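Colleague: My structure is stored as structure24.cif, with mmCIF, C-alpha atoms.
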```cif
data_entry
#
loop_
_atom_site.label_atom_id
_atom_site.label_comp_id
_atom_site.auth_asym_id
_atom_site.auth_seq_id
_atom_site.Cartn_x
_atom_site.Cartn_y
_atom_site.Cartn_z
CA MET F 1 54.95 42.93 -19.15
CA VAL F 2 56.02 40.40 -21.82
CA THR F 3 56.99 36.85 -20.78
CA SER F 4 59.20 34.50 -22.70
CA GLY F 5 58.12 31.07 -23.99
CA THR F 6 60.20 29.40 -21.29
CA GLU F 7 58.43 31.39 -18.61
CA ASN F 8 55.02 30.50 -20.10
CA ASN F 9 55.88 26.81 -20.05
CA LEU F 10 57.05 27.12 -16.49
CA ILE F 11 53.78 28.76 -15.44
CA THR F 12 51.72 26.10 -17.25
CA ASN F 13 53.68 23.23 -15.74
CA THR F 14 53.44 24.77 -12.29
CA THR F 15 49.67 25.15 -12.61
CA THR F 16 49.27 21.58 -13.86
CA SER F 17 51.38 20.23 -11.03
CA ALA F 18 49.39 22.21 -8.48
CA THR F 19 46.12 20.85 -9.85
CA TYR F 20 47.43 17.28 -9.80
CA LEU F 21 48.78 17.74 -6.28
CA SER F 22 45.44 19.16 -5.15
CA ASN F 23 43.55 16.18 -6.58
CA THR F 24 46.04 13.77 -5.04
CA ILE F 25 45.67 15.39 -1.64
CA LYS F 26 41.88 15.08 -1.89
CA GLY F 27 42.33 11.36 -2.42
CA ARG F 28 40.78 11.04 -5.89
CA THR F 29 43.10 9.01 -8.04
CA SER F 30 40.41 7.06 -9.93
CA TRP F 31 36.68 6.93 -10.62
CA ASN F 32 34.77 5.85 -7.52
CA ILE F 33 31.16 7.03 -7.81
CA LYS F 34 28.76 5.68 -5.20
CA THR F 35 25.03 5.88 -4.72
CA THR F 36 23.39 7.39 -1.65
CA THR F 37 22.31 5.65 1.51
CA LEU F 38 18.71 6.55 0.66
CA ALA F 39 18.95 4.82 -2.71
CA LYS F 40 20.59 1.72 -1.23
CA LYS F 41 17.98 1.42 1.50
CA THR F 42 15.02 1.95 -0.82
CA ILE F 43 14.03 -1.68 -1.35
CA ASN F 44 10.80 -3.06 -2.79
CA ARG F 45 10.13 -6.04 -0.53
CA ILE F 46 7.69 -7.73 -2.91
CA ARG F 47 10.10 -7.52 -5.82
CA GLY F 48 12.94 -8.90 -3.73
CA ILE F 49 10.91 -11.87 -2.50
CA VAL F 50 9.36 -12.69 -5.87
CA GLU F 51 12.74 -12.54 -7.62
CA SER F 52 14.16 -14.97 -5.04
CA LEU F 53 11.59 -17.64 -5.91
CA LYS F 54 12.58 -20.39 -8.34
CA ILE F 55 9.51 -20.28 -10.53
CA SER F 56 8.85 -22.36 -13.62
CA PRO F 57 5.10 -22.45 -14.40
CA ASN F 58 3.53 -25.69 -15.60
CA PRO F 59 3.50 -25.37 -19.42
CA GLU F 60 0.33 -27.45 -19.62
CA LYS F 61 -1.68 -24.93 -17.60
CA PRO F 62 -2.13 -21.24 -18.47
CA MET F 63 -0.66 -18.93 -15.86
CA ILE F 64 -3.17 -17.29 -13.48
CA PRO F 65 -1.50 -14.45 -11.55
CA LEU F 66 -3.45 -13.60 -8.40
CA THR F 67 -0.68 -11.22 -7.36
CA ILE F 68 -1.22 -7.99 -9.26
CA GLY F 69 -2.83 -5.09 -7.40
CA ASP F 70 -3.67 -3.27 -10.65
CA PRO F 71 -7.43 -3.77 -11.19
CA THR F 72 -7.14 -2.99 -14.91
CA THR F 73 -4.70 -5.82 -15.72
CA PHE F 74 -7.20 -8.32 -17.14
CA GLY F 75 -9.43 -5.86 -18.95
CA ASN F 76 -12.61 -6.93 -17.17
CA LEU F 77 -12.69 -3.77 -15.02
CA LYS F 78 -12.54 -0.52 -16.96
CA ALA F 79 -12.74 3.18 -16.22
CA SER F 80 -16.17 4.72 -16.80
CA SER F 81 -16.92 6.57 -20.03
CA GLU F 82 -17.46 9.71 -17.96
CA THR F 83 -13.92 9.44 -16.60
CA THR F 84 -12.24 9.02 -19.97
CA LYS F 85 -14.43 11.69 -21.57
CA ALA F 86 -13.43 14.19 -18.87
CA VAL F 87 -9.75 13.70 -19.67
CA MET F 88 -10.31 14.01 -23.41
CA GLU F 89 -12.16 17.27 -22.86
CA ALA F 90 -9.30 18.53 -20.69
CA VAL F 91 -6.84 17.67 -23.47
CA ASP F 92 -8.95 19.27 -26.19
CA SER F 93 -9.45 22.46 -24.18
CA GLY F 94 -5.74 23.25 -24.31
CA LYS F 95 -6.01 24.80 -20.84
CA TYR F 96 -3.96 22.22 -18.96
CA ASN F 97 -0.70 21.94 -20.87
CA GLY F 98 1.29 24.15 -18.53
CA TYR F 99 2.28 24.01 -14.89
CA ALA F 100 -0.35 24.23 -12.19
CA HIS F 101 -0.06 25.58 -8.67
CA SER F 102 2.34 23.25 -6.83
CA GLN F 103 -0.56 22.06 -4.64
CA GLY F 104 -2.73 21.53 -7.71
CA HIS F 105 -5.26 23.52 -9.71
CA GLU F 106 -7.67 25.26 -7.36
CA ALA F 107 -10.73 24.01 -9.26
CA ALA F 108 -9.50 20.43 -8.78
CA ARG F 109 -8.87 21.00 -5.09
CA ARG F 110 -12.33 22.51 -4.63
CA ALA F 111 -13.84 19.44 -6.31
CA ILE F 112 -11.84 17.10 -4.05
CA ALA F 113 -12.99 19.08 -1.00
CA LYS F 114 -16.63 18.63 -2.03
CA TYR F 115 -16.14 14.95 -2.88
CA SER F 116 -14.49 14.31 0.51
CA ALA F 117 -16.91 16.29 2.65
CA HIS F 118 -17.83 13.10 4.55
CA GLN F 119 -14.35 13.07 6.08
CA SER F 120 -15.02 16.04 8.35
CA SER F 121 -17.84 17.76 10.23
CA GLU F 122 -16.21 21.03 9.21
CA GLN F 123 -15.84 22.42 5.72
CA ILE F 124 -12.68 21.20 3.99
CA LYS F 125 -10.72 24.10 2.55
CA PRO F 126 -8.91 23.83 -0.81
CA GLU F 127 -5.73 25.23 0.78
CA ASN F 128 -5.62 22.10 2.97
CA ILE F 129 -5.52 19.79 -0.06
CA PHE F 130 -2.36 18.72 -1.86
CA ILE F 131 -2.64 16.90 -5.19
CA THR F 132 0.15 14.38 -5.64
CA SER F 133 1.50 11.89 -8.15
CA GLY F 134 -0.57 8.96 -6.93
CA CYS F 135 -1.48 7.94 -3.40
CA SER F 136 2.02 6.51 -2.92
CA SER F 137 3.44 10.00 -3.39
CA ALA F 138 0.89 11.34 -0.90
CA LEU F 139 2.10 8.81 1.66
CA GLU F 140 5.72 9.70 0.98
CA TYR F 141 5.07 13.42 1.47
CA CYS F 142 3.28 12.77 4.77
CA ILE F 143 6.16 10.66 6.07
CA LEU F 144 8.77 13.19 4.93
CA ALA F 145 6.87 16.06 6.54
CA LEU F 146 6.27 14.29 9.87
CA ALA F 147 9.30 12.11 10.61
CA GLU F 148 13.06 12.22 10.32
CA ARG F 149 16.12 10.13 11.09
CA GLY F 150 16.11 8.70 14.59
CA GLN F 151 12.34 8.75 14.97
CA ASN F 152 9.91 5.87 14.46
CA ILE F 153 6.55 5.31 12.79
CA LEU F 154 3.97 2.67 13.69
CA LEU F 155 2.94 0.55 10.71
CA PRO F 156 0.33 -2.24 10.44
CA ARG F 157 1.36 -5.89 10.12
CA PRO F 158 0.31 -7.35 7.74
CA GLY F 159 0.54 -4.18 5.70
CA PHE F 160 1.33 -2.71 2.31
CA CYS F 161 5.08 -3.13 1.83
CA LEU F 162 5.49 0.35 0.33
CA TYR F 163 5.22 1.80 3.84
CA GLN F 164 8.40 0.01 4.86
CA THR F 165 10.12 1.07 1.63
CA LEU F 166 9.33 4.73 2.22
CA VAL F 167 10.28 4.73 5.89
CA GLU F 168 13.45 2.66 6.10
CA GLY F 169 15.14 4.50 3.25
CA LEU F 170 15.04 7.61 5.44
CA ASP F 171 16.64 5.89 8.45
CA ILE F 172 13.32 6.09 10.28
CA GLU F 173 12.63 3.09 12.49
CA VAL F 174 9.69 0.86 11.58
CA ARG F 175 7.63 -0.42 14.49
CA TYR F 176 4.91 -2.89 13.55
CA TYR F 177 1.63 -3.24 15.36
CA ASP F 178 -0.25 -6.46 14.67
CA LEU F 179 -3.61 -6.89 13.00
CA LEU F 180 -5.45 -9.86 14.45
CA PRO F 181 -6.96 -12.37 11.98
CA GLU F 182 -9.21 -13.88 14.64
CA LYS F 183 -10.77 -10.43 15.12
CA GLN F 184 -11.30 -9.61 11.45
CA TRP F 185 -7.89 -7.93 11.37
CA GLN F 186 -8.54 -5.36 14.06
CA ALA F 187 -5.41 -3.79 15.50
CA ASP F 188 -3.92 -5.21 18.69
CA LEU F 189 -4.45 -2.00 20.64
CA GLN F 190 -2.56 -3.06 23.75
CA GLN F 191 0.50 -3.94 21.72
CA LEU F 192 0.15 -0.77 19.62
CA GLU F 193 0.10 1.43 22.71
CA SER F 194 3.14 -0.33 24.19
CA MET F 195 5.25 0.64 21.17
CA ILE F 196 4.77 4.40 21.47
CA ASP F 197 7.58 6.51 22.90
CA ASP F 198 8.84 10.09 22.71
CA ASN F 199 10.39 9.41 19.28
CA THR F 200 7.18 8.10 17.69
CA ALA F 201 6.33 10.55 14.91
CA ALA F 202 3.04 9.12 13.63
CA LEU F 203 0.66 6.18 13.49
CA LEU F 204 -0.22 4.95 10.01
CA ILE F 205 -3.54 3.16 9.50
CA ASN F 206 -4.78 1.58 6.27
CA ASN F 207 -8.55 1.34 6.21
CA PRO F 208 -9.84 -0.58 4.25
CA SER F 209 -6.73 -2.70 4.29
CA ASN F 210 -4.33 -3.99 1.70
CA PRO F 211 -3.70 -6.95 2.04
CA CYS F 212 -6.42 -7.91 4.51
CA GLY F 213 -9.57 -6.42 3.02
CA SER F 214 -10.67 -5.46 6.53
CA VAL F 215 -12.77 -2.43 7.44
CA PHE F 216 -12.45 -0.94 10.93
CA SER F 217 -15.61 -0.33 12.93
CA LYS F 218 -16.50 3.03 14.41
CA GLY F 219 -15.75 1.77 17.91
CA HIS F 220 -12.35 0.45 16.90
CA LEU F 221 -11.42 3.74 15.24
CA GLU F 222 -12.49 5.62 18.36
CA SER F 223 -10.23 3.39 20.46
CA ILE F 224 -7.33 4.16 18.14
CA LEU F 225 -8.07 7.88 18.40
CA ASN F 226 -8.12 7.67 22.20
CA ILE F 227 -4.62 6.20 22.19
CA CYS F 228 -3.36 8.87 19.79
CA GLU F 229 -4.89 11.65 21.86
CA LYS F 230 -3.33 10.23 25.00
CA TYR F 231 0.15 10.33 23.45
CA TYR F 232 -0.29 13.39 21.21
CA LEU F 233 0.27 11.29 18.10
CA PRO F 234 -0.86 12.36 14.60
CA ILE F 235 -2.38 9.84 12.18
CA ILE F 236 -1.52 9.16 8.56
CA ALA F 237 -4.66 7.55 7.13
CA ASP F 238 -4.21 5.58 3.91
CA GLU F 239 -7.81 5.56 2.69
CA ILE F 240 -7.31 4.85 -1.00
CA TYR F 241 -9.91 2.06 -0.71
CA GLU F 242 -12.41 4.11 1.32
CA HIS F 243 -15.24 3.48 -1.17
CA PHE F 244 -14.39 -0.18 -1.75
CA VAL F 245 -16.65 -1.58 0.95
CA PHE F 246 -18.87 -4.65 0.62
CA PRO F 247 -22.57 -4.79 1.60
CA GLY F 248 -23.01 -5.07 5.36
CA SER F 249 -19.93 -2.99 6.15
CA GLN F 250 -19.40 0.74 6.34
CA HIS F 251 -16.25 2.76 5.95
CA ILE F 252 -15.93 5.65 8.39
CA ALA F 253 -13.14 8.15 7.86
CA VAL F 254 -11.08 8.38 11.04
CA SER F 255 -10.88 12.15 10.58
CA SER F 256 -14.68 12.41 10.86
CA LEU F 257 -14.49 10.99 14.39
CA SER F 258 -11.51 12.98 15.61
CA ARG F 259 -11.97 15.94 17.92
CA ASN F 260 -8.34 16.60 18.80
CA VAL F 261 -6.09 14.23 16.87
CA PRO F 262 -4.78 15.71 13.61
CA VAL F 263 -5.13 13.44 10.58
CA LEU F 264 -3.45 13.44 7.17
CA SER F 265 -5.82 11.53 4.89
CA CYS F 266 -4.36 10.05 1.69
CA GLY F 267 -6.63 9.19 -1.21
CA GLY F 268 -6.93 9.47 -4.97
CA LEU F 269 -8.53 8.36 -8.22
CA THR F 270 -6.39 5.24 -8.52
CA LYS F 271 -8.59 2.40 -7.33
CA ARG F 272 -12.20 3.59 -7.21
CA PHE F 273 -12.04 5.08 -10.70
CA LEU F 274 -9.83 2.26 -12.04
CA VAL F 275 -7.07 4.51 -13.37
CA PRO F 276 -3.93 3.62 -11.36
CA GLY F 277 -1.66 4.62 -14.26
CA TRP F 278 -2.93 8.19 -14.19
CA ARG F 279 -1.01 8.71 -10.95
CA THR F 280 -3.43 11.08 -9.26
CA GLY F 281 -3.62 11.14 -5.49
CA TRP F 282 -4.09 13.72 -2.77
CA ILE F 283 -3.56 14.61 0.87
CA ILE F 284 -6.28 16.25 2.94
CA VAL F 285 -5.14 17.92 6.16
CA HIS F 286 -7.67 17.58 8.99
CA ASP F 287 -6.42 19.76 11.81
CA ARG F 288 -9.07 21.39 13.98
CA GLY F 289 -6.60 22.57 16.61
CA ASN F 290 -4.08 23.97 14.12
CA ARG F 291 -1.49 21.53 15.48
CA LEU F 292 -0.16 20.71 12.02
CA ALA F 293 0.66 24.27 10.96
CA GLU F 294 4.37 23.56 10.57
CA VAL F 295 3.71 20.20 8.91
CA THR F 296 1.27 21.80 6.47
CA ALA F 297 3.94 24.32 5.52
CA GLY F 298 6.31 21.39 5.07
CA LEU F 299 3.85 19.69 2.73
CA ARG F 300 3.73 22.83 0.61
CA ASN F 301 7.49 22.67 0.37
CA MET F 302 7.35 18.99 -0.58
CA CYS F 303 4.96 19.73 -3.44
CA CYS F 304 7.55 22.07 -4.94
CA ARG F 305 10.02 19.22 -5.37
CA ILE F 306 8.37 18.01 -8.60
CA LEU F 307 6.29 21.14 -9.36
CA GLY F 308 2.98 19.34 -9.03
CA SER F 309 1.28 16.29 -10.53
CA ASN F 310 -0.19 15.62 -14.00
CA THR F 311 -2.12 18.75 -15.00
CA LEU F 312 -4.28 17.10 -17.68
CA VAL F 313 -5.85 14.80 -15.11
CA GLN F 314 -6.15 17.71 -12.69
CA GLY F 315 -8.17 19.52 -15.33
CA ALA F 316 -10.51 16.52 -15.54
CA ILE F 317 -10.94 15.97 -11.79
CA PRO F 318 -14.04 18.19 -11.32
CA ALA F 319 -15.97 16.37 -14.07
CA ILE F 320 -14.71 12.92 -13.00
CA LEU F 321 -15.79 13.39 -9.39
CA GLU F 322 -19.13 14.99 -10.23
CA LYS F 323 -20.31 13.06 -13.29
CA THR F 324 -19.29 9.44 -12.70
CA PRO F 325 -22.60 7.76 -11.75
CA GLN F 326 -23.09 5.79 -8.54
CA SER F 327 -24.35 2.87 -10.62
CA TYR F 328 -20.85 2.47 -12.05
CA PHE F 329 -19.32 2.15 -8.58
CA ASP F 330 -22.08 -0.19 -7.42
CA GLU F 331 -21.37 -2.54 -10.32
CA ILE F 332 -17.66 -2.69 -9.49
CA ILE F 333 -18.39 -3.44 -5.83
CA ASP F 334 -20.87 -6.17 -6.81
CA ILE F 335 -18.22 -7.86 -8.98
CA LEU F 336 -15.59 -7.76 -6.24
CA HIS F 337 -18.04 -8.94 -3.56
CA GLU F 338 -19.20 -11.87 -5.68
CA ASN F 339 -15.57 -12.79 -6.38
CA ALA F 340 -14.79 -12.62 -2.68
CA LYS F 341 -17.71 -14.92 -1.81
CA LEU F 342 -16.77 -17.39 -4.54
CA THR F 343 -13.14 -17.51 -3.42
CA TYR F 344 -14.00 -17.80 0.27
CA ASN F 345 -16.57 -20.55 -0.23
CA MET F 346 -14.20 -22.61 -2.37
CA LEU F 347 -11.08 -22.17 -0.27
CA LYS F 348 -12.72 -22.78 3.10
CA GLN F 349 -13.38 -26.37 1.97
CA ILE F 350 -9.67 -27.04 1.53
CA ARG F 351 -7.85 -28.81 4.34
CA GLY F 352 -4.91 -26.81 5.61
CA LEU F 353 -6.17 -23.41 4.41
CA ASN F 354 -7.99 -20.74 6.41
CA PRO F 355 -9.39 -17.94 4.22
CA ILE F 356 -10.61 -14.81 6.00
CA MET F 357 -13.60 -13.21 4.32
CA PRO F 358 -12.83 -9.56 3.52
CA ASN F 359 -15.22 -6.67 4.05
CA GLY F 360 -13.75 -4.41 1.40
CA ALA F 361 -10.79 -3.47 -0.82
CA MET F 362 -9.65 -5.97 -3.49
CA TYR F 363 -7.84 -8.68 -1.55
CA MET F 364 -8.22 -11.75 0.63
CA MET F 365 -5.69 -13.18 3.06
CA VAL F 366 -5.58 -16.97 3.30
CA GLY F 367 -3.88 -18.73 6.19
CA VAL F 368 -1.67 -21.69 5.31
CA ASN F 369 -1.19 -24.28 8.05
CA ILE F 370 2.33 -25.04 6.92
CA ASP F 371 2.68 -27.92 9.42
CA GLN F 372 0.08 -29.80 7.38
CA PHE F 373 2.25 -29.40 4.28
CA PRO F 374 5.57 -30.82 5.55
CA GLU F 375 7.13 -30.85 2.06
CA PHE F 376 7.32 -27.05 2.21
CA LYS F 377 9.59 -25.02 4.48
CA ASP F 378 7.45 -21.90 4.61
CA ASP F 379 4.88 -19.79 2.75
CA LEU F 380 7.45 -18.80 0.11
CA HIS F 381 8.19 -22.43 -0.70
CA PHE F 382 4.46 -23.25 -0.72
CA VAL F 383 3.67 -20.44 -3.19
CA GLN F 384 6.67 -21.28 -5.36
CA GLU F 385 5.66 -24.90 -5.81
CA MET F 386 2.03 -23.97 -6.43
CA VAL F 387 3.23 -21.93 -9.41
CA ASN F 388 5.46 -24.74 -10.63
CA GLU F 389 2.73 -27.37 -10.41
CA GLN F 390 -0.51 -25.45 -11.01
CA SER F 391 0.56 -22.15 -12.64
CA VAL F 392 -1.32 -20.20 -9.97
CA PHE F 393 0.64 -17.37 -8.39
CA CYS F 394 -0.34 -15.78 -5.05
CA LEU F 395 1.83 -13.40 -3.06
CA PRO F 396 3.29 -15.06 0.06
CA GLY F 397 2.39 -13.47 3.37
CA SER F 398 6.06 -12.77 3.99
CA CYS F 399 5.72 -9.90 1.48
CA PHE F 400 3.53 -8.23 4.10
CA GLU F 401 5.59 -9.22 7.15
CA TYR F 402 3.05 -11.98 7.87
CA PRO F 403 4.39 -15.50 7.17
CA ASN F 404 2.24 -18.59 6.61
CA TYR F 405 -0.40 -16.64 4.74
CA MET F 406 -0.90 -15.77 1.10
CA ARG F 407 -2.74 -12.87 -0.51
CA ILE F 408 -5.22 -13.36 -3.34
CA VAL F 409 -6.32 -10.52 -5.63
CA LEU F 410 -10.07 -10.47 -6.32
CA THR F 411 -10.13 -8.35 -9.47
CA VAL F 412 -9.53 -11.17 -11.97
CA PRO F 413 -12.41 -12.42 -14.18
CA ARG F 414 -14.74 -14.79 -12.35
CA ASP F 415 -14.07 -17.83 -14.53
CA MET F 416 -10.33 -17.39 -14.09
CA LEU F 417 -10.74 -17.03 -10.33
CA GLU F 418 -12.85 -20.18 -10.15
CA GLU F 419 -10.25 -22.11 -12.14
CA ALA F 420 -7.50 -20.81 -9.86
CA CYS F 421 -9.37 -21.97 -6.75
CA SER F 422 -9.88 -25.41 -8.31
CA ARG F 423 -6.16 -25.69 -8.98
CA ILE F 424 -5.33 -24.55 -5.44
CA THR F 425 -7.66 -27.30 -4.18
CA GLU F 426 -5.87 -29.89 -6.31
CA PHE F 427 -2.46 -28.68 -5.12
CA CYS F 428 -3.38 -28.74 -1.43
CA GLU F 429 -5.01 -32.16 -1.61
CA ALA F 430 -1.88 -33.54 -3.26
CA HIS F 431 0.43 -32.25 -0.51
CA TYR F 432 -1.72 -32.20 2.63
CA LYS F 433 -0.57 -34.57 5.36
CA VAL F 434 -2.70 -35.60 8.30
CA ASP F 435 -1.08 -34.90 11.68
CA ASN F 436 -0.80 -38.41 13.13
CA SER F 437 -0.03 -37.08 16.59
CA ILE F 438 -3.43 -35.39 16.68
CA ILE F 439 -5.14 -38.61 15.57
CA GLU F 440 -3.29 -40.64 18.21
CA SER F 441 -4.18 -38.08 20.87
CA ASN F 442 -7.86 -38.24 19.88
CA LEU F 443 -7.81 -42.05 19.94
CA LEU F 444 -6.29 -42.06 23.41
CA THR F 445 -8.93 -39.57 24.59
CA GLU F 446 -11.72 -41.72 23.18
CA THR F 447 -10.21 -44.84 24.79
CA TYR F 448 -10.23 -43.28 28.23
#
```
Now that the file is in, can you turn its structure into structure tokens?

Modeller:
Amino acid sequence: MVTSGTENNLITNTTTSATYLSNTIKGRTSWNIKTTTLAKKTINRIRGIVESLKISPNPEKPMIPLTIGDPTTFGNLKASSETTKAVMEAVDSGKYNGYAHSQGHEAARRAIAKYSAHQSSEQIKPENIFITSGCSSALEYCILALAERGQNILLPRPGFCLYQTLVEGLDIEVRYYDLLPEKQWQADLQQLESMIDDNTAALLINNPSNPCGSVFSKGHLESILNICEKYYLPIIADEIYEHFVFPGSQHIAVSSLSRNVPVLSCGGLTKRFLVPGWRTGWIIVHDRGNRLAEVTAGLRNMCCRILGSNTLVQGAIPAILEKTPQSYFDEIIDILHENAKLTYNMLKQIRGLNPIMPNGAMYMMVGVNIDQFPEFKDDLHFVQEMVNEQSVFCLPGSCFEYPNYMRIVLTVPRDMLEEACSRITEFCEAHYKVDNSIIESNLLTETY
């Protein structure tokens, strides 16, 4: 059938009008592209707080940032030659340029299982290990596999702010349990237990702790396990600092003590091997009673989202874990421990400050008696003005949901750390005010 030009125009116009009418009915008359709820709720608390500060460092004093959790920043702490050599050999071999199994190369997972044997009285199987893009990715996978909208997760306070970022973006409720500074940052177990209900998906523990530098004792971990067993609650264990423990303390993996409570242990190369930029972490599933079967399947699915982590580093993992000498690790711990002692001994002399000596990790929390510094409204204001006057930058405790504290990083060179403590002393002495009411009260007591 042949149609005339008029009929063709009529058909075209009709089609165009129908399309326009369809778009009009759907309500799209202009560009209006929005982001997702997940993206809007994914907020880095530290970045938000730091960007809100009005900082202008003193130009007469070089800036000393005691804020950065990257141990390689200042160049004084470096990866071992064995670690870098292992990666170069993996590159030169040409074997690791393609995709790996979504859970990671089996040889790498076998090496991680051997390296982490202390975490369980049973043999760790490679199929229960998931190699991820850093420990942060391991934590995200665990949260995604265990919890969903409408549920809640118990997080430590003070605690690493990434936990909140990962949880709240998913419309999962955050419930904080307190760590007690007067008890070397042990968890408030009574409060923790009171927060558990039928919608509690998991308990997250960070041991050793960022920002506290605390290391839980065996007895304390057993008490935590008893609570979890009572309420059938799995544990996400952030143990990225498990080998960063100072002399006199001992890290015990919570999974090694558990008889019935399933544990997802998150670790990686990041901190101990001083390669945070290599983004290599892992999850180890400890599940004697096979209670995490569905969750383990979920983790396998999660690993398929990005088709696995960096394969070059995976190829180097067996040599890194086997060949890096203990003397290298001992030297790093000695440096951090000496820095911790130096910082503690200097800051404990300062009126208005209360440093808490850490037992591990790379950080120290310092209490600020803000009432003795009446010029400052809170810990944010205190930290801001310390930068402006002394060019020393510490993270305010509010970054970790713990106001009137500040966190100091212990990985900076010793001379820089000593200078920073001297400047903090000068700043506090300039702004400290004696509480006259206390003096008057003491005078009255002495009089009577």

Colleague: Let me make sure I understand: among F:Ile408, F:Ile235, F:Leu189, F:Ile332, which one has the smallest atom-to-atom distance to Leu292 (chain F) if we use all atoms listed in the file?

Modeller: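 With all atoms listed in the file as the atom set, the closest residue is F:Ile235.
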
Colleague: Could you state the separation of CA of Arg305 (chain F) and CA of Cys142 (chain F) in Å, given to one decimal place?

Modeller: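 Computed distance, CA of Arg305 (chain F) to CA of Cys142 (chain F), equals 13.8 Å.
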
Colleague: Which residues are close to region 106-119 of chain F, i.e. within 9 Å by all atoms listed in the file, leaving aside same-chain residues fewer than 6 positions away? Reply as a PyMOL selection string.

Modeller: chain F and resi 100+125-131+252-257+265+282+284+286+314-319+321-322

Colleague: Which polymer residues, whether protein, DNA or RNA, lie within 9 Å of the coordinate (-12.1, 5.6, -10.7) when you count all atoms listed in the file? List them as a PyMOL selection string, using the chain letters and numbers from the file.

Modeller: chain F and resi 78-80+83+268-276+320-321+324+329

Colleague: Using all atoms listed in the file, collect all residues at a distance of at most 12 Å from (7.7, 7.6, 19.9) as written in the file, then present them as a PDB file with C-alpha atoms, keeping the file's coordinate frame.

Modeller:
```pdb
ATOM      1  CA  ALA F 147       9.300  12.110  10.610  1.00  0.00           C
ATOM      2  CA  GLU F 148      13.060  12.220  10.320  1.00  0.00           C
ATOM      3  CA  GLY F 150      16.110   8.700  14.590  1.00  0.00           C
ATOM      4  CA  GLN F 151      12.340   8.750  14.970  1.00  0.00           C
ATOM      5  CA  ASN F 152       9.910   5.870  14.460  1.00  0.00           C
ATOM      6  CA  ILE F 153       6.550   5.310  12.790  1.00  0.00           C
ATOM      7  CA  LEU F 154       3.970   2.670  13.690  1.00  0.00           C
ATOM      8  CA  ILE F 172      13.320   6.090  10.280  1.00  0.00           C
ATOM      9  CA  GLU F 173      12.630   3.090  12.490  1.00  0.00           C
ATOM     10  CA  VAL F 174       9.690   0.860  11.580  1.00  0.00           C
ATOM     11  CA  ARG F 175       7.630  -0.420  14.490  1.00  0.00           C
ATOM     12  CA  LEU F 192       0.150  -0.770  19.620  1.00  0.00           C
ATOM     13  CA  GLU F 193       0.100   1.430  22.710  1.00  0.00           C
ATOM     14  CA  SER F 194       3.140  -0.330  24.190  1.00  0.00           C
ATOM     15  CA  MET F 195       5.250   0.640  21.170  1.00  0.00           C
ATOM     16  CA  ILE F 196       4.770   4.400  21.470  1.00  0.00           C
ATOM     17  CA  ASP F 197       7.580   6.510  22.900  1.00  0.00           C
ATOM     18  CA  ASP F 198       8.840  10.090  22.710  1.00  0.00           C
ATOM     19  CA  ASN F 199      10.390   9.410  19.280  1.00  0.00           C
ATOM     20  CA  THR F 200       7.180   8.100  17.690  1.00  0.00           C
ATOM     21  CA  ALA F 201       6.330  10.550  14.910  1.00  0.00           C
ATOM     22  CA  ALA F 202       3.040   9.120  13.630  1.00  0.00           C
ATOM     23  CA  LEU F 203       0.660   6.180  13.490  1.00  0.00           C
ATOM     24  CA  CYS F 228      -3.360   8.870  19.790  1.00  0.00           C
ATOM     25  CA  TYR F 231       0.150  10.330  23.450  1.00  0.00           C
ATOM     26  CA  TYR F 232      -0.290  13.390  21.210  1.00  0.00           C
ATOM     27  CA  LEU F 233       0.270  11.290  18.100  1.00  0.00           C
ATOM     28  CA  PRO F 234      -0.860  12.360  14.600  1.00  0.00           C
TER      29      PRO F 234
END
```

Colleague: Evaluating the PyMOL selection byres ((chain F and resi 382) around 10) on the displayed file yields which residues, as a PyMOL selection string?

Modeller: chain F and resi 368+370+373-381+383-387+394+396+404-406+427-428+431

Colleague: Please write the residues from the selection above to a file, keeping C-alpha atoms, as a PDB file, in the frame of the given file.

Modeller:
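Once written, selection33.pdb looks like this:
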```pdb
ATOM      1  CA  VAL F 368      -1.670 -21.690   5.310  1.00  0.00           C
ATOM      2  CA  ILE F 370       2.330 -25.040   6.920  1.00  0.00           C
ATOM      3  CA  PHE F 373       2.250 -29.400   4.280  1.00  0.00           C
ATOM      4  CA  PRO F 374       5.570 -30.820   5.550  1.00  0.00           C
ATOM      5  CA  GLU F 375       7.130 -30.850   2.060  1.00  0.00           C
ATOM      6  CA  PHE F 376       7.320 -27.050   2.210  1.00  0.00           C
ATOM      7  CA  LYS F 377       9.590 -25.020   4.480  1.00  0.00           C
ATOM      8  CA  ASP F 378       7.450 -21.900   4.610  1.00  0.00           C
ATOM      9  CA  ASP F 379       4.880 -19.790   2.750  1.00  0.00           C
ATOM     10  CA  LEU F 380       7.450 -18.800   0.110  1.00  0.00           C
ATOM     11  CA  HIS F 381       8.190 -22.430  -0.700  1.00  0.00           C
ATOM     12  CA  VAL F 383       3.670 -20.440  -3.190  1.00  0.00           C
ATOM     13  CA  GLN F 384       6.670 -21.280  -5.360  1.00  0.00           C
ATOM     14  CA  GLU F 385       5.660 -24.900  -5.810  1.00  0.00           C
ATOM     15  CA  MET F 386       2.030 -23.970  -6.430  1.00  0.00           C
ATOM     16  CA  VAL F 387       3.230 -21.930  -9.410  1.00  0.00           C
ATOM     17  CA  CYS F 394      -0.340 -15.780  -5.050  1.00  0.00           C
ATOM     18  CA  PRO F 396       3.290 -15.060   0.060  1.00  0.00           C
ATOM     19  CA  ASN F 404       2.240 -18.590   6.610  1.00  0.00           C
ATOM     20  CA  TYR F 405      -0.400 -16.640   4.740  1.00  0.00           C
ATOM     21  CA  MET F 406      -0.900 -15.770   1.100  1.00  0.00           C
ATOM     22  CA  PHE F 427      -2.460 -28.680  -5.120  1.00  0.00           C
ATOM     23  CA  CYS F 428      -3.380 -28.740  -1.430  1.00  0.00           C
ATOM     24  CA  HIS F 431       0.430 -32.250  -0.510  1.00  0.00           C
TER      25      HIS F 431
END
```
